[in-house]
Amino acid sequence: MRARRLLSGGWLSVYAFLYIVFLYLPVIFLPIFSINTAPTPKFPLTGFTLQWYADLPHTPALLDAAWNSLKVGVCASVLATVLGILAARSITRYRYPGRRTINGLIMAPLVLPEVIVAISMLLVMLQLGLSLSLFTVVLGHVLVCIPYSMTVLTSGFEGFDRSLEEASADLGETAFGTFRRVTLPMVAPAIISSLLVCFTISLDEFIIAFFLTGTEATLPIYIWGQLRFASKLPGVLALGTLLLVASFLLMTIAEILRRRAARGTQNEGGLYA
Amino acid sequence: MPEQPRTERPQSDPAQSDRAMIEIRNVTRSYGAFKALDDASLTIREGEFFSLLGPSGCGKTTLLRMIAGFDNPTSGSIAVGGQPMEGIPANRRPTNMVFQSYAIFPHLNVEQNVAYGLKRLKLQGGEEKRRVEEALAQVSLIGLGKRLATELSGGQRQRVALARALVMRPKVLLLDEPLSALDKKLREQMQVELRRLQQAVGITFVLVTHDQYEALAMSDRIAVMFGGRIAQVASPKEIYQRPVNRQVADFLGGMNFVKAEIVEENGASLTVDTLGFGRVKTDKPKAFVRNGGAATLGIRPERLRVLWDNATAKFEVAGTVVERHYFGEITHLIVEIPGLEKPLSVTETNDFGADDIPVGTSIRLAYDPEALVAMGD
């Protein structure tokens, strides 16, 4: 009996271990080879260097791409979050026919094949007579970011006790004052979380940017372009590692804030009685 | 410790003056075809502890929310302190509310919660701090000012909600089922405290509750509501002893109903014939509407007393015990009376051994004819 339990416990741990390895091994290679002296990513490692990182700031094309990514990321995350706030507020606060359908439609881009979304958007942009630029990339990114923004904001707004706003009005506060003193402080963590998530997604997004940008490259497109030159690979690995770390940090902060917001809005009267 | 608020204690009980504080005139609130409130009229006096009592969906909360300004009448008018409330939003009304969920701001501590409404008044020279401390003292929360809402028990949250409303010195304090989230013992303790607080501050309290004991224990007057209509407005004693109809009687606790035949109706009295209780002369209810020759009499289970051994009473009725239910300090007996279609429910204290009466025993019950009240159906 005990042996069997041990055995099954043992197999489960092995499975869990392999699972983690499968998920993260490829990701681990990136930072490892980015500090290797040899320009080709091969074992055995030849030595430690930060040369590839030091070279990054001396690559004007890379800096342009980073600047472009920053502009697109900020615009897309702000726009997607503003639209997400309106939608999440309506979904969580009001009950109306078609609410679930609307919610489903907003979340749909999450599961649509991105290539298809990108091609469709390209067609629409061209039909509208928009010339491809970073602006069209922003529009595309807003579309893919909204579902994420919605998810984060809905969990922050859910359970927001409406009587809190009524209590504020009851105590003499105006509608704007109530928003400033009660609503905003309580949902601010969710909003910041949404901004960070959207920014991260926009920063890493390739397909839509690839289809919708004109001559200006974002970071993923720049990386894609560099892959054609074997000698540029170590630089790409270094840049990739930085993006990885940045994404990881941003998402962690976003998740901490989202949880704080979700906890903050719970206001059950007698739960602690 | 801050000085306790000096509010004159009322000389007599009920404490209020006869001046109207809230006047509700023919108020109806419709949602499409559904009327949440149907032509309700009511006057609540200054300094009164008034309860709106009824089952869920009877319109009591709708009425409270309309007084607070969170909802508006479809027709009719509401005035507070002689001032019509039409078009005045919640944030400019002289009322404050204690919410059912308490609605404590979770991102603020106790002090900041209580001071929330005062911030707008921009009080000078430490006045704000003084008033916050005074309010915290009133609800026995001294020393907890820095706690966060999440660190408070249900009873403490409720006190914060009370202090936050009282600190505004409203003309009327509205309470929406404030005790429903508390456990039984705390609830009973808070009933006493709330009543004491109301008498100390002298503010008009309007309480919404579905708990009849709560309403009876705390109120100067009660309005009993059913289906959007006000069925009866009276003192707790009057409501309990002289309910206007079977619905009110039933809602306020156990009541035995006895069919009666009207023999004579004159002025303030009514003479009826019953099976079981014989001929009874009783007060005629103010709103009594004669419906043919039939009427209904009611008697509360505790107004029937078991007669032991050879004891006799001027008015008695004989029957057989068919059921016995033990409730600790009291016993419920179900007694079948020849001629009555439903057996009588009798509540007897256990100090004489009512809990030992075997089922099947023949017993006699004493009653006071005053306790038999006539009512509409």
# chains A, B, ... in the order shown; residues from 1 in each chain; ligands from 1

call {"tool": "select_by_dssp", "arguments": {"residues": "region 104-197 of chain A", "states": "alpha helix (DSSP H)", "output": "PyMOL selection string"}}
result
chain A and resi 104-107+114-127+134-157+162-170+175-178+184-197

call {"tool": "residues_around", "arguments": {"residues": "Arg303 (chain B)", "least_positions_apart": "4", "cutoff": "12 Å", "atoms": "only C-alpha atoms", "output": "PyMOL selection string"}}
result
chain B and resi 241+254-256+298-299+316+344-349+365-373

call {"tool": "closest_residue", "arguments": {"among": "A:Ile106, A:Met186, A:Ile20, A:Leu126", "to": "Glu158 (chain A)", "atoms": "only C-alpha atoms"}}
result
A:Met186

call {"tool": "closest_atom_pairs", "arguments": {"of": "chain B", "to": "chain A", "cutoff": "9 Å", "atoms": "only C-alpha atoms", "output": "CSV"}}
result
residue,atom,partner,partner_atom,distance
B:Ala68,CA,A:Asp170,CA,7.4
B:Gly69,CA,A:Asp170,CA,8.3
B:Phe70,CA,A:Glu166,CA,7.6
B:Pro89,CA,A:Ala169,CA,8.5
B:Ala90,CA,A:Asp170,CA,5.5
B:Asn91,CA,A:Gly172,CA,3.9
B:Arg92,CA,A:Gly172,CA,6.1
B:Arg93,CA,A:Asp170,CA,7.9
B:Thr95,CA,A:Asp170,CA,7.6
B:Asn96,CA,A:Asp170,CA,5.9
B:Met97,CA,A:Asp170,CA,6.8
B:Val98,CA,A:Ala167,CA,8.3
B:Phe99,CA,A:Ser163,CA,7.3
B:Gln100,CA,A:Gly269,CA,7.3
B:Ser101,CA,A:Gly269,CA,4.2
B:Tyr102,CA,A:Gly269,CA,5.8
B:Ala103,CA,A:Leu164,CA,4.9
B:Ile104,CA,A:Leu164,CA,7.0
B:Phe105,CA,A:Leu164,CA,6.6
B:Pro106,CA,A:Gly264,CA,6.5
B:His107,CA,A:Met186,CA,6.8
B:Tyr116,CA,A:Leu171,CA,7.3
B:Gly117,CA,A:Leu171,CA,4.7
B:Leu118,CA,A:Leu171,CA,8.2
B:Arg120,CA,A:Glu173,CA,7.5
B:Thr150,CA,A:Asn267,CA,8.5
B:Glu151,CA,A:Tyr272,CA,8.7
B:Leu152,CA,A:Tyr272,CA,7.2
B:Ser153,CA,A:Tyr272,CA,4.9
B:Gly154,CA,A:Ala273,CA,3.9
B:Gly155,CA,A:Ala273,CA,6.3
B:Gln156,CA,A:Ala273,CA,8.6
B:Arg157,CA,A:Gly269,CA,7.6
B:Gln158,CA,A:Gly269,CA,8.2
B:Arg164,CA,A:Leu171,CA,8.3
B:Ala165,CA,A:Leu171,CA,7.3
B:Met168,CA,A:Leu171,CA,7.5
B:Ser180,CA,A:Gly270,CA,8.6
B:Ala181,CA,A:Gly270,CA,4.9
B:Leu182,CA,A:Ala273,CA,6.2
B:Asp183,CA,A:Ala273,CA,7.3

call {"tool": "write_last_selection", "arguments": {"atoms": "C-alpha atoms", "output": "short mmCIF file (atom, residue, chain, number, x, y, z; two decimals), in the first residue's frame"}}
result
data_model
loop_
_atom_site.label_atom_id
_atom_site.label_comp_id
_atom_site.auth_asym_id
_atom_site.auth_seq_id
_atom_site.Cartn_x
_atom_site.Cartn_y
_atom_site.Cartn_z
CA ALA B 68 -32.34 58.39 0.76
CA GLY B 69 -32.54 59.57 -2.86
CA PHE B 70 -31.23 56.44 -4.59
CA PRO B 89 -30.01 64.04 -5.29
CA ALA B 90 -28.83 61.72 -2.52
CA ASN B 91 -25.70 63.77 -1.82
CA ARG B 92 -27.74 66.87 -0.89
CA ARG B 93 -30.36 65.22 1.31
CA THR B 95 -30.38 61.83 5.49
CA ASN B 96 -27.62 59.29 5.99
CA MET B 97 -27.76 55.58 5.54
CA VAL B 98 -26.32 52.44 7.11
CA PHE B 99 -26.15 49.92 4.28
CA GLN B 100 -26.97 46.24 4.56
CA SER B 101 -23.45 45.36 3.35
CA TYR B 102 -22.15 48.26 5.51
CA ALA B 103 -20.28 49.54 2.41
CA ILE B 104 -17.14 50.33 4.40
CA PHE B 105 -14.52 51.77 2.02
CA PRO B 106 -11.94 48.99 1.94
CA HIS B 107 -9.04 51.23 0.92
CA TYR B 116 -15.20 60.67 4.64
CA GLY B 117 -18.25 62.93 4.57
CA LEU B 118 -16.68 65.59 6.79
CA ARG B 120 -16.11 68.11 2.07
CA THR B 150 -10.51 44.19 6.36
CA GLU B 151 -9.24 43.78 9.92
CA LEU B 152 -12.64 44.29 11.53
CA SER B 153 -15.29 41.82 12.65
CA GLY B 154 -18.85 42.04 11.32
CA GLY B 155 -20.05 43.80 14.45
CA GLN B 156 -17.21 46.32 14.27
CA ARG B 157 -17.87 47.05 10.61
CA GLN B 158 -21.44 47.77 11.48
CA ARG B 164 -19.75 57.29 9.53
CA ALA B 165 -23.43 58.19 9.16
CA MET B 168 -22.74 63.86 9.55
CA SER B 180 -29.16 40.71 9.33
CA ALA B 181 -25.51 39.71 8.80
CA LEU B 182 -24.78 39.30 12.51
CA ASP B 183 -25.19 36.12 14.52
#

call {"tool": "atom_distance", "arguments": {"atom1": "CA of Gln212 (chain B)", "atom2": "CA of Gly54 (chain B)"}}
result
8.1 Å

call {"tool": "residues_around", "arguments": {"residues": "region 42-53 of chain B", "least_positions_apart": "2", "cutoff": "8 Å", "atoms": "only C-alpha atoms", "output": "PyMOL selection string"}}
result
chain B and resi 14-25+40+55+60+195+198+202-212+215+218-225

call {"tool": "atom_distance", "arguments": {"atom1": "CA of Val306 (chain B)", "atom2": "CA of Leu216 (chain B)"}}
result
26.3 Å

call {"tool": "select_by_dssp", "arguments": {"residues": "region 146-323 of chain B", "states": "strand (DSSP E)", "output": "MDAnalysis selection string"}}
result
chainID B and resid 172:176 204:209 221:226 229:234 256:266 269:274 278:283 294:299 305:307 316:323

call {"tool": "residues_around", "arguments": {"residues": "region 135-140 of chain B", "least_positions_apart": "5", "cutoff": "12 Å", "atoms": "only C-alpha atoms", "output": "VMD selection string"}}
result
chain B and resid 1 to 7 110 to 115 118 128 to 130 145 to 146 155 to 169 190 193 to 194 196 to 201

call {"tool": "atom_distance", "arguments": {"atom1": "CA of Thr252 (chain A)", "atom2": "CA of Ala118 (chain A)"}}
result
28.1 Å

call {"tool": "residues_around", "arguments": {"residues": "Ala54 (chain A)", "least_positions_apart": "4", "cutoff": "12 Å", "atoms": "only C-alpha atoms", "output": "PyMOL selection string"}}
result
chain A and resi 34-35+49-50+58-59+234-235+238-239

call {"tool": "residues_around", "arguments": {"residues": "Tyr222 (chain A)", "least_positions_apart": "3", "cutoff": "8 Å", "atoms": "only C-alpha atoms", "output": "PyMOL selection string"}}
result
chain A and resi 61-62+65+217-219+225-226

call {"tool": "residues_around", "arguments": {"residues": "Val321 (chain B)", "least_positions_apart": "2", "cutoff": "8 Å", "atoms": "only C-alpha atoms", "output": "number ranges by chain"}}
result
B: 319, 323-324, 333-336, 358-363

call {"tool": "closest_atom_pairs", "arguments": {"of": "region 142-161 of chain A", "to": "region 71-76 of chain A", "cutoff": "10 Å", "atoms": "only C-alpha atoms", "output": "tab-separated table"}}
result
residue	atom	partner	partner_atom	distance
A:Val142	CA	A:Ala76	CA	5.1
A:Leu143	CA	A:Ala76	CA	8.8
A:Val144	CA	A:Ala76	CA	9.6
A:Cys145	CA	A:Ala76	CA	7.7
A:Ile146	CA	A:Ala76	CA	9.4

call {"tool": "decode", "arguments": {"residues": "region 13-148 of chain B", "atoms": "C-alpha atoms", "output": "PDB file, in the first residue's frame"}}
result
ATOM      1  CA  ASP B  13     -41.095  57.249  26.163  1.00  0.00           C
ATOM      2  CA  PRO B  14     -42.088  57.373  23.339  1.00  0.00           C
ATOM      3  CA  ALA B  15     -39.621  60.199  23.048  1.00  0.00           C
ATOM      4  CA  GLN B  16     -40.667  62.070  19.976  1.00  0.00           C
ATOM      5  CA  SER B  17     -42.437  65.318  19.478  1.00  0.00           C
ATOM      6  CA  ASP B  18     -45.513  65.320  17.301  1.00  0.00           C
ATOM      7  CA  ARG B  19     -43.798  67.214  14.509  1.00  0.00           C
ATOM      8  CA  ALA B  20     -43.524  65.356  11.232  1.00  0.00           C
ATOM      9  CA  MET B  21     -39.978  64.586  10.055  1.00  0.00           C
ATOM     10  CA  ILE B  22     -40.772  62.521   6.979  1.00  0.00           C
ATOM     11  CA  GLU B  23     -43.992  62.865   5.033  1.00  0.00           C
ATOM     12  CA  ILE B  24     -44.728  60.266   2.393  1.00  0.00           C
ATOM     13  CA  ARG B  25     -47.759  61.104   0.307  1.00  0.00           C
ATOM     14  CA  ASN B  26     -49.343  58.587  -2.098  1.00  0.00           C
ATOM     15  CA  VAL B  27     -46.001  57.258  -3.253  1.00  0.00           C
ATOM     16  CA  THR B  28     -46.028  54.646  -5.995  1.00  0.00           C
ATOM     17  CA  ARG B  29     -42.976  53.071  -7.608  1.00  0.00           C
ATOM     18  CA  SER B  30     -43.622  51.005 -10.732  1.00  0.00           C
ATOM     19  CA  TYR B  31     -41.264  48.858 -12.750  1.00  0.00           C
ATOM     20  CA  GLY B  32     -43.294  48.326 -15.892  1.00  0.00           C
ATOM     21  CA  ALA B  33     -46.499  46.620 -14.773  1.00  0.00           C
ATOM     22  CA  PHE B  34     -45.036  45.657 -11.390  1.00  0.00           C
ATOM     23  CA  LYS B  35     -45.670  48.016  -8.498  1.00  0.00           C
ATOM     24  CA  ALA B  36     -42.889  47.737  -5.924  1.00  0.00           C
ATOM     25  CA  LEU B  37     -44.729  50.337  -3.879  1.00  0.00           C
ATOM     26  CA  ASP B  38     -48.415  51.034  -4.293  1.00  0.00           C
ATOM     27  CA  ASP B  39     -49.884  54.322  -3.087  1.00  0.00           C
ATOM     28  CA  ALA B  40     -48.077  54.414   0.238  1.00  0.00           C
ATOM     29  CA  SER B  41     -48.734  57.264   2.654  1.00  0.00           C
ATOM     30  CA  LEU B  42     -46.961  57.615   5.959  1.00  0.00           C
ATOM     31  CA  THR B  43     -45.848  60.237   8.447  1.00  0.00           C
ATOM     32  CA  ILE B  44     -42.725  59.617  10.516  1.00  0.00           C
ATOM     33  CA  ARG B  45     -42.317  61.909  13.511  1.00  0.00           C
ATOM     34  CA  GLU B  46     -39.279  63.833  14.654  1.00  0.00           C
ATOM     35  CA  GLY B  47     -37.059  61.829  17.027  1.00  0.00           C
ATOM     36  CA  GLU B  48     -38.939  58.623  16.406  1.00  0.00           C
ATOM     37  CA  PHE B  49     -37.502  55.123  15.999  1.00  0.00           C
ATOM     38  CA  PHE B  50     -39.613  53.913  13.127  1.00  0.00           C
ATOM     39  CA  SER B  51     -39.499  50.467  11.501  1.00  0.00           C
ATOM     40  CA  LEU B  52     -40.614  49.317   8.083  1.00  0.00           C
ATOM     41  CA  LEU B  53     -41.412  45.640   8.614  1.00  0.00           C
ATOM     42  CA  GLY B  54     -42.364  43.049   6.024  1.00  0.00           C
ATOM     43  CA  PRO B  55     -41.265  40.010   4.059  1.00  0.00           C
ATOM     44  CA  SER B  56     -38.741  40.402   1.256  1.00  0.00           C
ATOM     45  CA  GLY B  57     -40.250  42.060  -1.797  1.00  0.00           C
ATOM     46  CA  CYS B  58     -42.853  44.003   0.204  1.00  0.00           C
ATOM     47  CA  GLY B  59     -41.414  47.369  -0.882  1.00  0.00           C
ATOM     48  CA  LYS B  60     -39.785  48.392   2.414  1.00  0.00           C
ATOM     49  CA  THR B  61     -36.287  48.743   0.962  1.00  0.00           C
ATOM     50  CA  THR B  62     -37.652  50.548  -2.105  1.00  0.00           C
ATOM     51  CA  LEU B  63     -39.291  53.073   0.214  1.00  0.00           C
ATOM     52  CA  LEU B  64     -36.093  53.525   2.253  1.00  0.00           C
ATOM     53  CA  ARG B  65     -34.021  54.040  -0.896  1.00  0.00           C
ATOM     54  CA  MET B  66     -36.479  56.665  -2.106  1.00  0.00           C
ATOM     55  CA  ILE B  67     -36.145  58.572   1.170  1.00  0.00           C
ATOM     56  CA  ALA B  68     -32.337  58.389   0.762  1.00  0.00           C
ATOM     57  CA  GLY B  69     -32.544  59.569  -2.856  1.00  0.00           C
ATOM     58  CA  PHE B  70     -31.229  56.440  -4.586  1.00  0.00           C
ATOM     59  CA  ASP B  71     -34.575  55.885  -6.265  1.00  0.00           C
ATOM     60  CA  ASN B  72     -37.443  58.163  -7.244  1.00  0.00           C
ATOM     61  CA  PRO B  73     -41.207  57.730  -6.883  1.00  0.00           C
ATOM     62  CA  THR B  74     -43.147  57.117 -10.077  1.00  0.00           C
ATOM     63  CA  SER B  75     -45.818  59.283  -8.500  1.00  0.00           C
ATOM     64  CA  GLY B  76     -46.437  60.873  -5.127  1.00  0.00           C
ATOM     65  CA  SER B  77     -44.162  62.985  -2.959  1.00  0.00           C
ATOM     66  CA  ILE B  78     -41.664  62.655  -0.144  1.00  0.00           C
ATOM     67  CA  ALA B  79     -40.707  65.490   2.192  1.00  0.00           C
ATOM     68  CA  VAL B  80     -37.978  65.432   4.835  1.00  0.00           C
ATOM     69  CA  GLY B  81     -37.992  68.083   7.553  1.00  0.00           C
ATOM     70  CA  GLY B  82     -40.761  69.943   5.725  1.00  0.00           C
ATOM     71  CA  GLN B  83     -38.709  70.207   2.546  1.00  0.00           C
ATOM     72  CA  PRO B  84     -39.915  68.424  -0.614  1.00  0.00           C
ATOM     73  CA  MET B  85     -37.262  65.988  -1.822  1.00  0.00           C
ATOM     74  CA  GLU B  86     -38.230  65.928  -5.469  1.00  0.00           C
ATOM     75  CA  GLY B  87     -35.216  66.607  -7.695  1.00  0.00           C
ATOM     76  CA  ILE B  88     -32.766  66.636  -4.778  1.00  0.00           C
ATOM     77  CA  PRO B  89     -30.010  64.039  -5.293  1.00  0.00           C
ATOM     78  CA  ALA B  90     -28.828  61.723  -2.521  1.00  0.00           C
ATOM     79  CA  ASN B  91     -25.703  63.774  -1.817  1.00  0.00           C
ATOM     80  CA  ARG B  92     -27.740  66.869  -0.895  1.00  0.00           C
ATOM     81  CA  ARG B  93     -30.360  65.219   1.306  1.00  0.00           C
ATOM     82  CA  PRO B  94     -30.396  65.613   5.104  1.00  0.00           C
ATOM     83  CA  THR B  95     -30.385  61.833   5.494  1.00  0.00           C
ATOM     84  CA  ASN B  96     -27.615  59.291   5.990  1.00  0.00           C
ATOM     85  CA  MET B  97     -27.762  55.579   5.543  1.00  0.00           C
ATOM     86  CA  VAL B  98     -26.322  52.441   7.105  1.00  0.00           C
ATOM     87  CA  PHE B  99     -26.146  49.920   4.279  1.00  0.00           C
ATOM     88  CA  GLN B 100     -26.968  46.244   4.559  1.00  0.00           C
ATOM     89  CA  SER B 101     -23.451  45.363   3.349  1.00  0.00           C
ATOM     90  CA  TYR B 102     -22.152  48.260   5.510  1.00  0.00           C
ATOM     91  CA  ALA B 103     -20.280  49.538   2.413  1.00  0.00           C
ATOM     92  CA  ILE B 104     -17.137  50.328   4.397  1.00  0.00           C
ATOM     93  CA  PHE B 105     -14.516  51.774   2.025  1.00  0.00           C
ATOM     94  CA  PRO B 106     -11.937  48.986   1.942  1.00  0.00           C
ATOM     95  CA  HIS B 107      -9.040  51.229   0.917  1.00  0.00           C
ATOM     96  CA  LEU B 108      -9.477  53.524   3.930  1.00  0.00           C
ATOM     97  CA  ASN B 109      -8.993  52.900   7.650  1.00  0.00           C
ATOM     98  CA  VAL B 110     -11.702  53.347  10.282  1.00  0.00           C
ATOM     99  CA  GLU B 111     -10.923  57.019  10.940  1.00  0.00           C
ATOM    100  CA  GLN B 112     -10.783  57.870   7.248  1.00  0.00           C
ATOM    101  CA  ASN B 113     -14.071  56.060   6.708  1.00  0.00           C
ATOM    102  CA  VAL B 114     -15.771  58.027   9.470  1.00  0.00           C
ATOM    103  CA  ALA B 115     -14.234  61.321   8.288  1.00  0.00           C
ATOM    104  CA  TYR B 116     -15.201  60.666   4.640  1.00  0.00           C
ATOM    105  CA  GLY B 117     -18.249  62.928   4.573  1.00  0.00           C
ATOM    106  CA  LEU B 118     -16.678  65.591   6.791  1.00  0.00           C
ATOM    107  CA  LYS B 119     -13.784  66.194   4.347  1.00  0.00           C
ATOM    108  CA  ARG B 120     -16.105  68.114   2.071  1.00  0.00           C
ATOM    109  CA  LEU B 121     -17.219  70.409   4.878  1.00  0.00           C
ATOM    110  CA  LYS B 122     -13.628  71.684   5.394  1.00  0.00           C
ATOM    111  CA  LEU B 123     -14.036  72.106   9.158  1.00  0.00           C
ATOM    112  CA  GLN B 124     -11.633  74.428  10.983  1.00  0.00           C
ATOM    113  CA  GLY B 125      -9.313  73.993  13.951  1.00  0.00           C
ATOM    114  CA  GLY B 126      -9.381  70.284  14.684  1.00  0.00           C
ATOM    115  CA  GLU B 127     -13.181  70.180  14.552  1.00  0.00           C
ATOM    116  CA  GLU B 128     -13.083  67.270  12.138  1.00  0.00           C
ATOM    117  CA  LYS B 129     -10.839  65.206  14.412  1.00  0.00           C
ATOM    118  CA  ARG B 130     -13.023  66.035  17.397  1.00  0.00           C
ATOM    119  CA  ARG B 131     -16.198  64.954  15.629  1.00  0.00           C
ATOM    120  CA  VAL B 132     -14.638  61.720  14.381  1.00  0.00           C
ATOM    121  CA  GLU B 133     -13.534  60.848  17.911  1.00  0.00           C
ATOM    122  CA  GLU B 134     -16.947  61.722  19.274  1.00  0.00           C
ATOM    123  CA  ALA B 135     -18.616  59.451  16.721  1.00  0.00           C
ATOM    124  CA  LEU B 136     -16.206  56.587  17.421  1.00  0.00           C
ATOM    125  CA  ALA B 137     -16.939  56.994  21.136  1.00  0.00           C
ATOM    126  CA  GLN B 138     -20.686  56.836  20.498  1.00  0.00           C
ATOM    127  CA  VAL B 139     -20.325  53.420  18.893  1.00  0.00           C
ATOM    128  CA  SER B 140     -17.635  52.177  21.339  1.00  0.00           C
ATOM    129  CA  LEU B 141     -14.835  51.989  18.775  1.00  0.00           C
ATOM    130  CA  ILE B 142     -12.254  54.124  20.595  1.00  0.00           C
ATOM    131  CA  GLY B 143      -8.714  53.024  19.781  1.00  0.00           C
ATOM    132  CA  LEU B 144      -9.573  51.239  16.537  1.00  0.00           C
ATOM    133  CA  GLY B 145      -9.262  54.343  14.338  1.00  0.00           C
ATOM    134  CA  LYS B 146      -6.176  53.136  12.500  1.00  0.00           C
ATOM    135  CA  ARG B 147      -7.521  49.663  11.677  1.00  0.00           C
ATOM    136  CA  LEU B 148      -8.301  48.745   8.103  1.00  0.00           C
TER     137      LEU B 148
END
